[in-house]
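Input: a single structure, listed below in structure tokens.
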Amino acid sequence: MSEKISFDGRVAIITGAGGGLGRSHALLLAERGANIVVNDLGGDVHGNGGSDSAAQKVVDEIKAKGGNAVANHDSVATPEGGRAIVQSAVDAFGKVDIVINNAGILRDKAFHKMDVDMINAVIDVHLKGAFFVTQPAFEIMREQGYGRIVSTTSGTGLFGNFGQVNYGAAKAGLIGMTRTISLEGAMHNIKANVIAPIAGTRMTEDILGPDLFAQLTPESVSPIVAYLASEECDVTSYVYSVAGKRIARVFQCEAPDYLLPEQTPEAVRDNLAAINGPEVPKPFIEFANLAEETMLLAESLGRAEN
Ligand code: NAI
């Protein structure tokens with residue numbers, strides 16, 4: 001396929017797009033014709049404070065390059081904020097085709113010292129924030145029979161990281177959320193996928209050394225985000241790890257079934273190696289079959305809506 005991927009006529013909401021990765025995604029989609037809602041609260045990396053200028057600056061950049069964008073300064077972390085973000089897309093451009101859940105903060109602390117505010121703040125922005133923005137957008141996407149959702153997890157959500165129990169839980173939650181949105185969206189041509197990026201931004205400037213910081217640019221993460229947000233996206237419910245030029249699909253798999261000889265804890269202990277099994281993945285359901293299989297499943301569970 002040699003034709004360029006275009007976003008002409010498409011409307012994209014990008015949360016937390018006042019800097020870092022979100023800004024880079026916004027610039028790429030705008031350059032390819034999308035109308036963009038640049039959402040950002042404009043706070044610091046811990047989620048304190050706020051300023052309208054972060055989002056507005058990116059809107060100015062997009063407009064200076066001939067693109068089309070509006071700024072939005074609501075927080076993703078409340079239902080009212082989420083609805084207002086989606087409404088600003090409808091007010092400015094009449095619809096929503098794409099949601100990129102990217103807004104994020106950090107409140108790192110060892111688990112035994114993590115207080116309830118640190119837990120709530122991080123889950124509110126990353127996980128509930130994605131619910132609050134995606135849900136009103138999903139209603140519109142269902143109606144129009146088209147939608148693309150890209151959410152941002154993290155290596156911490158996939159594999160864990162010291163001092164980030166709150167962040168890891170929120171980021172892993174986005175994967176569970178995406179898996180089910182993919183199922184519910186399949187019959188409406190709504191696809192939802194996840195990226196786990198590494199990039200030099202204010203969030204990582206103290207962690208990545210200067211060389212990696214310079215190499216792992218936000219701009220190197222945006223191409224896969226743009227693909228997943230495009231009409232040509234051929235996958236749903238997938239997770240991709242991306243850093244610099246490197247992209248790897250991350251998937252969960254189940255070992256072959258093992259039949260426990262006796263239903264006792266000792267039988268689990270004594271057969272653990274066989275239960276753990278070799279690392280052979282089961283085949284993944286491909287999108288082509290997903291809509292049909294989802295409908296059958298929904299019907300058998302009495303959950304089909306139509
Ligand atoms: P960043 O701090 O530059 O971007 C996050 C943006 O979200 C900020 O502009 C911030 O103002 C905005 N934001 C925070 N709370 C908000 C709220 N309640 N409502 C609206 N906007 C809000 O950091 P970066 O690195 O660009 O992060 C983007 C996403 O990527 C985050 O979700 C982060 O967790 C994730 N990520 C980044 C990695 C990296 O290596 N930079 C690694 C793994 C995940």
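Each chain in the structure tokens gets a letter, A, B and so on, in the order shown; residues start at 1 in every chain, and ligands are counted from 1 in the order they appear.
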Select from chain A every residue with an atom at most 7 Å from any atom of ligand 1, then for each give the shortest pair of atoms and their distance in Å to one decimal, using only C-alpha atoms and all ligand atoms, rows by chain and rising number, as a tab-separated table.
residue	atom	partner	partner_atom_place_in_ligand_line	distance
A:Thr15	CA	ligand 1	21 (N)	5.7
A:Gly16	CA	ligand 1	7 (O)	3.4
A:Ala17	CA	ligand 1	9 (O)	5.7
A:Gly18	CA	ligand 1	9 (O)	4.6
A:Gly19	CA	ligand 1	9 (O)	4.7
A:Gly20	CA	ligand 1	26 (O)	3.5
A:Leu21	CA	ligand 1	26 (O)	3.8
A:Gly22	CA	ligand 1	26 (O)	5.8
A:Asn39	CA	ligand 1	20 (C)	6.0
A:Asp40	CA	ligand 1	21 (N)	3.9
A:Leu41	CA	ligand 1	20 (C)	4.3
A:Gly42	CA	ligand 1	11 (O)	4.0
A:Gly43	CA	ligand 1	11 (O)	4.6
A:Asp44	CA	ligand 1	11 (O)	6.1
A:Val45	CA	ligand 1	2 (O)	5.0
A:Gly47	CA	ligand 1	15 (N)	5.3
A:His73	CA	ligand 1	20 (C)	6.9
A:Asp74	CA	ligand 1	19 (N)	6.1
A:Ser75	CA	ligand 1	19 (N)	3.5
A:Val76	CA	ligand 1	19 (N)	4.1
A:Ala77	CA	ligand 1	18 (N)	4.9
A:Asn102	CA	ligand 1	32 (O)	4.4
A:Ala103	CA	ligand 1	7 (O)	3.5
A:Gly104	CA	ligand 1	32 (O)	3.8
A:Ile105	CA	ligand 1	14 (C)	5.2
A:Val125	CA	ligand 1	18 (N)	5.0
A:His126	CA	ligand 1	32 (O)	6.4
A:Thr152	CA	ligand 1	32 (O)	5.5
A:Thr153	CA	ligand 1	44 (C)	5.6
A:Ser154	CA	ligand 1	43 (C)	4.0
A:Gly155	CA	ligand 1	43 (C)	6.2
A:Ala196	CA	ligand 1	43 (C)	5.7
A:Pro197	CA	ligand 1	43 (C)	4.9
A:Ile198	CA	ligand 1	40 (O)	3.4
A:Ala199	CA	ligand 1	40 (O)	3.9
A:Gly200	CA	ligand 1	41 (N)	5.6
A:Thr201	CA	ligand 1	25 (O)	4.8
A:Arg202	CA	ligand 1	3 (O)	5.2
A:Met203	CA	ligand 1	23 (O)	4.7
A:Thr204	CA	ligand 1	41 (N)	5.4
Given only C-alpha atoms, how would the per-residue table for segment 86-153 of chain A near segment 158-168 of chain A read, listing every residue at most 6 Å away with its closest atom pair and distance in Å to one decimal, sorted by chain and number, as JSON lines?
{"residue": "A:Asp108", "atom": "CA", "partner": "A:Gly163", "partner_atom": "CA", "distance": 5.3}
{"residue": "A:Lys109", "atom": "CA", "partner": "A:Gly163", "partner_atom": "CA", "distance": 4.6}
{"residue": "A:Ala110", "atom": "CA", "partner": "A:Gly163", "partner_atom": "CA", "distance": 4.3}
{"residue": "A:Ile119", "atom": "CA", "partner": "A:Asn166", "partner_atom": "CA", "distance": 5.2}
Using N, CA, C and O atoms, can you export the residues from the last selection as a compact mmCIF listing (two decimals), in the first residue's frame?
# COMPACT_ATOMS: atom_id res chain seq x y z
N ASP A 108 4.46 9.05 42.55
CA ASP A 108 5.21 7.85 42.91
C ASP A 108 5.52 7.79 44.41
O ASP A 108 5.86 8.80 45.02
N LYS A 109 5.47 6.60 44.96
CA LYS A 109 5.83 6.36 46.36
C LYS A 109 5.85 4.85 46.57
O LYS A 109 5.04 4.14 45.95
N ALA A 110 6.72 4.36 47.43
CA ALA A 110 6.69 2.92 47.75
C ALA A 110 5.30 2.56 48.28
O ALA A 110 4.65 3.38 48.95
N ILE A 119 -3.30 7.52 45.52
CA ILE A 119 -4.02 6.46 44.78
C ILE A 119 -5.15 7.08 43.96
O ILE A 119 -5.26 6.84 42.75
note = atom CA of Arg107 of chain A to atom CA of Ile224 of chain A measures 27.5 Å
request  = Going by DSSP on the backbone, which bits of segment 58-108 of chain A are alpha helix (DSSP H)? Write them as a ChimeraX atom specification, please.
outcome  = /A:58-64,79-93
Produce a file of the selected residues containing all heavy atoms, as a compact mmCIF listing (two decimals), in the first residue's frame.
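Listing of again38.txt after writing:
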# COMPACT_ATOMS: atom_id res chain seq x y z
N VAL A 58 -0.17 24.72 21.62
CA VAL A 58 -0.17 23.65 20.61
C VAL A 58 -1.19 23.97 19.51
O VAL A 58 -0.92 23.75 18.32
CB VAL A 58 -0.43 22.27 21.27
CG1 VAL A 58 -0.54 21.17 20.23
CG2 VAL A 58 0.69 21.95 22.25
N VAL A 59 -2.32 24.54 19.90
CA VAL A 59 -3.29 24.98 18.89
C VAL A 59 -2.63 26.02 17.97
O VAL A 59 -2.76 25.95 16.73
CB VAL A 59 -4.55 25.57 19.55
CG1 VAL A 59 -5.43 26.29 18.53
CG2 VAL A 59 -5.35 24.46 20.24
N ASP A 60 -1.90 26.95 18.56
CA ASP A 60 -1.22 27.98 17.75
C ASP A 60 -0.22 27.36 16.79
O ASP A 60 -0.12 27.76 15.63
CB ASP A 60 -0.52 29.00 18.67
CG ASP A 60 -1.53 29.81 19.49
OD1 ASP A 60 -2.74 29.79 19.14
OD2 ASP A 60 -1.12 30.43 20.49
N GLU A 61 0.51 26.36 17.29
CA GLU A 61 1.49 25.66 16.44
C GLU A 61 0.80 24.99 15.25
O GLU A 61 1.28 25.06 14.11
CB GLU A 61 2.17 24.54 17.24
CG GLU A 61 3.49 24.90 17.88
CD GLU A 61 4.12 23.66 18.51
OE1 GLU A 61 3.74 23.33 19.65
OE2 GLU A 61 4.97 23.03 17.87
N ILE A 62 -0.31 24.30 15.56
CA ILE A 62 -1.04 23.60 14.50
C ILE A 62 -1.56 24.60 13.47
O ILE A 62 -1.41 24.40 12.25
CB ILE A 62 -2.21 22.78 15.10
CG1 ILE A 62 -1.66 21.59 15.89
CG2 ILE A 62 -3.18 22.31 14.02
CD1 ILE A 62 -2.69 20.81 16.70
N LYS A 63 -2.12 25.70 13.97
CA LYS A 63 -2.68 26.70 13.04
C LYS A 63 -1.59 27.35 12.20
O LYS A 63 -1.79 27.61 11.01
CB LYS A 63 -3.47 27.75 13.82
CG LYS A 63 -4.79 27.19 14.33
CD LYS A 63 -5.67 28.29 14.87
CE LYS A 63 -7.07 27.76 15.11
NZ LYS A 63 -7.87 28.64 15.95
N ALA A 64 -0.43 27.57 12.82
CA ALA A 64 0.68 28.20 12.08
C ALA A 64 1.12 27.32 10.91
O ALA A 64 1.64 27.80 9.91
CB ALA A 64 1.85 28.45 13.02
N PRO A 79 -16.51 13.31 35.41
CA PRO A 79 -17.48 13.04 34.32
C PRO A 79 -17.86 14.33 33.59
O PRO A 79 -18.00 14.33 32.36
CB PRO A 79 -18.70 12.47 35.06
CG PRO A 79 -18.22 12.05 36.40
CD PRO A 79 -16.99 12.84 36.73
N GLU A 80 -18.00 15.44 34.35
CA GLU A 80 -18.37 16.73 33.72
C GLU A 80 -17.25 17.17 32.77
O GLU A 80 -17.51 17.66 31.67
CB GLU A 80 -18.57 17.84 34.77
CG GLU A 80 -19.63 17.57 35.82
CD GLU A 80 -19.22 16.52 36.87
OE1 GLU A 80 -18.02 16.50 37.25
OE2 GLU A 80 -20.07 15.72 37.27
N GLY A 81 -16.01 17.02 33.23
CA GLY A 81 -14.87 17.40 32.39
C GLY A 81 -14.85 16.58 31.11
O GLY A 81 -14.67 17.11 30.01
N GLY A 82 -15.03 15.27 31.25
CA GLY A 82 -15.02 14.38 30.07
C GLY A 82 -16.08 14.78 29.07
O GLY A 82 -15.82 14.86 27.86
N ARG A 83 -17.29 15.05 29.60
CA ARG A 83 -18.39 15.43 28.69
C ARG A 83 -18.09 16.76 28.00
O ARG A 83 -18.36 16.95 26.82
CB ARG A 83 -19.71 15.52 29.45
CG ARG A 83 -20.42 14.18 29.58
CD ARG A 83 -21.88 14.37 29.98
NE ARG A 83 -22.01 15.00 31.28
CZ ARG A 83 -22.00 14.34 32.45
NH1 ARG A 83 -21.88 13.03 32.45
NH2 ARG A 83 -22.11 14.98 33.58
N ALA A 84 -17.48 17.70 28.78
CA ALA A 84 -17.18 19.02 28.21
C ALA A 84 -16.12 18.90 27.10
O ALA A 84 -16.17 19.63 26.10
CB ALA A 84 -16.70 19.97 29.31
N ILE A 85 -15.20 17.99 27.27
CA ILE A 85 -14.15 17.80 26.25
C ILE A 85 -14.79 17.29 24.95
O ILE A 85 -14.52 17.79 23.85
CB ILE A 85 -13.07 16.82 26.77
CG1 ILE A 85 -12.30 17.44 27.94
CG2 ILE A 85 -12.11 16.42 25.65
CD1 ILE A 85 -11.45 16.46 28.75
N VAL A 86 -15.67 16.31 25.10
CA VAL A 86 -16.35 15.77 23.91
C VAL A 86 -17.26 16.83 23.29
O VAL A 86 -17.31 16.98 22.06
CB VAL A 86 -17.13 14.48 24.28
CG1 VAL A 86 -18.00 14.01 23.12
CG2 VAL A 86 -16.15 13.38 24.70
N GLN A 87 -17.93 17.59 24.16
CA GLN A 87 -18.82 18.64 23.64
C GLN A 87 -18.02 19.68 22.85
O GLN A 87 -18.51 20.20 21.84
CB GLN A 87 -19.57 19.31 24.81
CG GLN A 87 -20.71 20.21 24.38
CD GLN A 87 -21.78 19.48 23.55
OE1 GLN A 87 -22.20 18.39 23.91
NE2 GLN A 87 -22.17 20.07 22.43
N SER A 88 -16.80 19.97 23.29
CA SER A 88 -16.03 20.99 22.55
C SER A 88 -15.69 20.49 21.15
O SER A 88 -15.61 21.29 20.21
CB SER A 88 -14.80 21.46 23.33
OG SER A 88 -13.89 20.42 23.45
N ALA A 89 -15.53 19.17 20.99
CA ALA A 89 -15.31 18.63 19.63
C ALA A 89 -16.57 18.78 18.80
O ALA A 89 -16.53 19.18 17.63
CB ALA A 89 -14.90 17.16 19.71
N VAL A 90 -17.70 18.46 19.42
CA VAL A 90 -18.98 18.56 18.68
C VAL A 90 -19.26 20.01 18.32
O VAL A 90 -19.66 20.32 17.19
CB VAL A 90 -20.12 17.95 19.53
CG1 VAL A 90 -21.47 18.19 18.88
CG2 VAL A 90 -19.89 16.45 19.74
N ASP A 91 -19.05 20.93 19.28
CA ASP A 91 -19.30 22.35 19.01
C ASP A 91 -18.40 22.87 17.88
O ASP A 91 -18.86 23.58 17.00
CB ASP A 91 -19.04 23.19 20.27
CG ASP A 91 -20.09 22.93 21.34
OD1 ASP A 91 -21.14 22.33 21.02
OD2 ASP A 91 -19.85 23.31 22.51
N ALA A 92 -17.15 22.49 17.93
CA ALA A 92 -16.21 23.05 16.93
C ALA A 92 -16.30 22.34 15.59
O ALA A 92 -16.20 22.96 14.53
CB ALA A 92 -14.78 22.97 17.46
N PHE A 93 -16.49 20.99 15.62
CA PHE A 93 -16.34 20.24 14.36
C PHE A 93 -17.51 19.30 14.05
O PHE A 93 -17.47 18.56 13.07
CB PHE A 93 -15.04 19.42 14.41
CG PHE A 93 -13.81 20.23 14.73
CD1 PHE A 93 -13.05 19.95 15.86
CD2 PHE A 93 -13.41 21.28 13.92
CE1 PHE A 93 -11.91 20.69 16.16
CE2 PHE A 93 -12.27 22.03 14.21
CZ PHE A 93 -11.53 21.73 15.33
query = Closest to Gly33 of chain A among A:Lys57, A:Lys171, A:Lys4, A:His46, using only C-alpha atoms?
reply = A:Lys4
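You will find atom CA of Ile98 of chain A at 7.6 Å from atom CA of Arg10 of chain A.
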inquiry  = Among segment 89-267 of chain A, which ones does DSSP assign to strand (DSSP E or B) (computed from the backbone)? Answer as a PyMOL selection string.
reply    = chain A and resi 98-101+147-152+190-198+239-243+246-250
request  = Can you work out which one of A:Ile181, A:Ile14, A:Ala137, A:Val268 has the shortest atom-to-atom distance to Gly94 of chain A, counting only C-alpha atoms?
outcome  =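 Nearest candidate to Gly94 of chain A out of A:Ile181, A:Ile14, A:Ala137, A:Val268: A:Ala137.
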message = Report as a PyMOL selection string all protein, DNA and RNA residues lying within 6 Å of Val99 of chain A, evaluated on only C-alpha atoms, omitting residues in the same chain fewer than 4 positions from it.
response = chain A and resi 12-13+149
ask   = With only C-alpha atoms as the basis for distance, which of A:Met118, A:Ala34, A:Ala273, A:Ala192 is at the shortest distance from Met141 of chain A?
value =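 Among A:Met118, A:Ala34, A:Ala273, A:Ala192, it is A:Ala192 that comes nearest to Met141 of chain A.
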With segment 232-240 of chain A as the partner and 8 Å as the cut-off, tabulate the residues of segment 87-204 of chain A that qualify, each row holding the nearest pair of atoms and their distance in Å to one decimal, using only C-alpha atoms, sorted by chain and rising number, as a tab-separated table.
residue	atom	partner	partner_atom	distance
A:Ile175	CA	A:Val239	CA	7.8
A:Thr178	CA	A:Ser237	CA	6.1
A:Arg179	CA	A:Ser237	CA	5.1
A:Ser182	CA	A:Ser237	CA	5.6
A:Lys191	CA	A:Thr236	CA	5.0
A:Ala192	CA	A:Thr236	CA	5.2
A:Asn193	CA	A:Ser237	CA	4.9
A:Val194	CA	A:Val239	CA	4.6
A:Ile195	CA	A:Tyr240	CA	4.8
A:Ala196	CA	A:Tyr240	CA	6.0
